[in-house]
Amino acid sequence: MLSTRFTLHSLVTEAHKTIQPYLSAQSISIDATMGNGHDCLFLARHSHKVYAFDVQEEAIMTTRARLEKNNCIDKVSLIHASHETMHSLIPQGEKADAILFNLGYLPHADATIITQKKSTIAALKHASELLSTQGIISILAYPGHSGGQAEMQAIVHWYKQLDSSHFAISIIRSMHEKINSPRLFTIQKLQ
Ligand SMILES: C[S@@+](CC[C@H](N)C(=O)[O-])C[C@H]1O[C@@H](n2cnc3c(N)ncnc32)[C@H](O)[C@@H]1O
């Protein structure tokens with residue numbers, strides 16, 4: 001099942017609004033790209049436990065400070081590793097109700113440290129296995145930067161081969177989108 005809808009909200013806000021109903025005080029969630037920690041704080045506020053990944057020490061430090069300031073640090077494991085290793089670093093048997101990817105590079109930092117299509121697709125495969133039934137993956141993709149278009153195409157290619165009786169895909173686009181505007185994809189596990 002594939003659906004498309006348009007939103008007036010920013011796609012970050014839309015990702016949070018879409019994910020929130022999937023989370024409860026018992027939920028495990030995964031932030032696949034912690035960056036400055038905004039998504040991580042959102043997940044921590046609505047989950048029992050969050051596993052958060054980033055390849056940059058700077059992202060870990062910024063996210064830690066944000067979580068400490070908001071009294072959420074105890075709920076979050078900050079993991080300095082690529083998201084493609086998530087399957088080996090999350091305790092065996094744990095399933096996530098929401099897994100969030102906000103791709104690209106860390107704003108106001110080194111723009112050459114950026115998500116890559118090969119590791120993104122590897123991480124998405126692991127995420128689809130770590131996802132609980134009725135859980136959701138959200139992917140915010142940015143085609144406007146170098147490599148971003150190829151990464152988004154690889155994501156589309158990947159989700160198209162998913163079994164549609166097991167996964168429902170939504171594409172969420174901004175009402176104000178321009179050429180190369182970001183796109184939000186959600187993948188819900190049906191069974
Ligand atoms: C757009 S930022 C994320 C924004 C963040 N979620 C927030 O709320 O501020 C993208 C992040 O992905 C990280 N990243 C790049 N490659 C990665 C990888 N293979 N595994 C995990 N994180 C990665 C970058 O270091 C960067 O911090």
# chains A, B, ... in the order shown; residues from 1 in each chain; ligands from 1
>>> residues_around(residues="Leu190 in chain A", least_positions_apart="4", cutoff="9 Å", atoms="only C-alpha atoms", output="list in words")
Thr133, Gln134, Gly135, Ser164, Ser165, His166, Phe167 and Ala168 of chain A
>>> write_last_selection(atoms="N, CA and C atoms", output="tab-separated table (two decimals), in the first residue's frame")
chain	number	residue	atom	x	y	z
A	133	THR	N	5.58	-5.08	15.30
A	133	THR	CA	4.38	-5.09	14.47
A	133	THR	C	3.54	-3.87	14.86
A	134	GLN	N	3.05	-3.16	13.85
A	134	GLN	CA	2.33	-1.88	14.01
A	134	GLN	C	3.28	-0.71	14.35
A	135	GLY	N	4.58	-0.96	14.30
A	135	GLY	CA	5.53	0.13	14.52
A	135	GLY	C	5.76	0.94	13.25
A	164	SER	N	4.03	-5.62	0.24
A	164	SER	CA	2.98	-4.65	0.59
A	164	SER	C	1.94	-5.25	1.54
A	165	SER	N	1.95	-6.57	1.73
A	165	SER	CA	1.03	-7.12	2.73
A	165	SER	C	1.63	-6.99	4.15
A	166	HIS	N	2.93	-6.66	4.21
A	166	HIS	CA	3.59	-6.49	5.52
A	166	HIS	C	3.89	-5.03	5.86
A	167	PHE	N	4.01	-4.19	4.84
A	167	PHE	CA	4.42	-2.80	5.10
A	167	PHE	C	3.54	-1.82	4.31
A	168	ALA	N	3.13	-0.73	4.97
A	168	ALA	CA	2.40	0.35	4.29
A	168	ALA	C	3.31	1.58	4.22
>>> select_by_dssp(residues="range 19-118 of chain A", states="strand (DSSP E or B)", output="list in words")
Ile28, Ser29, Ile30, Asp31, Lys49, Val50, Tyr51, Ala52, Phe53, Asp54, Val76, Ser77, Leu78, Ile79, His80, Ala96, Asp97, Ala98, Ile99, Leu100, Phe101, Asn102, Tyr105 and Ile114 of chain A
>>> residues_near_ligand(ligand="ligand 1", cutoff="6 Å", atoms="only C-alpha atoms and all ligand atoms", output="count of residues only")
24
>>> residues_around(residues="Lys75 in chain A", least_positions_apart="4", cutoff="7 Å", atoms="only C-alpha atoms", output="list in words")
Ala44, His48, Lys49 and Val50 of chain A
>>> write_last_selection(atoms="all heavy atoms", output="compact mmCIF listing (two decimals), in the first residue's frame")
# COMPACT_ATOMS: atom_id res chain seq x y z
N ALA A 44 12.51 10.72 23.46
CA ALA A 44 12.67 10.46 24.91
C ALA A 44 11.42 10.87 25.68
O ALA A 44 11.01 10.20 26.63
CB ALA A 44 13.90 11.19 25.43
N HIS A 48 9.72 4.91 26.64
CA HIS A 48 10.34 4.39 27.87
C HIS A 48 11.86 4.39 27.72
O HIS A 48 12.60 4.70 28.67
CB HIS A 48 9.82 2.96 28.10
CG HIS A 48 10.59 2.18 29.10
ND1 HIS A 48 10.61 2.52 30.44
CD2 HIS A 48 11.39 1.10 28.97
CE1 HIS A 48 11.37 1.67 31.08
NE2 HIS A 48 11.87 0.81 30.22
N LYS A 49 12.35 4.04 26.50
CA LYS A 49 13.79 3.89 26.27
C LYS A 49 14.11 4.27 24.82
O LYS A 49 13.38 3.89 23.90
CB LYS A 49 14.16 2.41 26.51
CG LYS A 49 15.56 2.02 26.16
CD LYS A 49 16.51 2.38 27.26
CE LYS A 49 17.95 2.36 26.78
NZ LYS A 49 18.87 3.00 27.69
N VAL A 50 15.20 5.02 24.64
CA VAL A 50 15.64 5.40 23.29
C VAL A 50 17.08 4.95 23.08
O VAL A 50 17.93 5.13 23.97
CB VAL A 50 15.60 6.94 23.09
CG1 VAL A 50 15.96 7.31 21.65
CG2 VAL A 50 14.24 7.52 23.46
>>> closest_residue(among="A:Ile169, A:Ala65, A:Leu131, A:Ile179", to="Gln149 in chain A", atoms="only C-alpha atoms")
A:Ile179
>>> closest_residue(among="A:Asn71, A:Gln26, A:Gln116, A:Ser132", to="Gln153 in chain A", atoms="only C-alpha atoms")
A:Gln116
>>> select_by_dssp(residues="range 6-184 of chain A", states="helix (DSSP H, G or I)", output="ChimeraX atom specification")
/A:11-22,38-46,57-69,73-75,83-89,117-130,148-160
>>> closest_residue(among="A:Ile172, A:Ile90, A:Leu124, A:Ile187", to="Leu11 in chain A", atoms="only C-alpha atoms")
A:Ile172
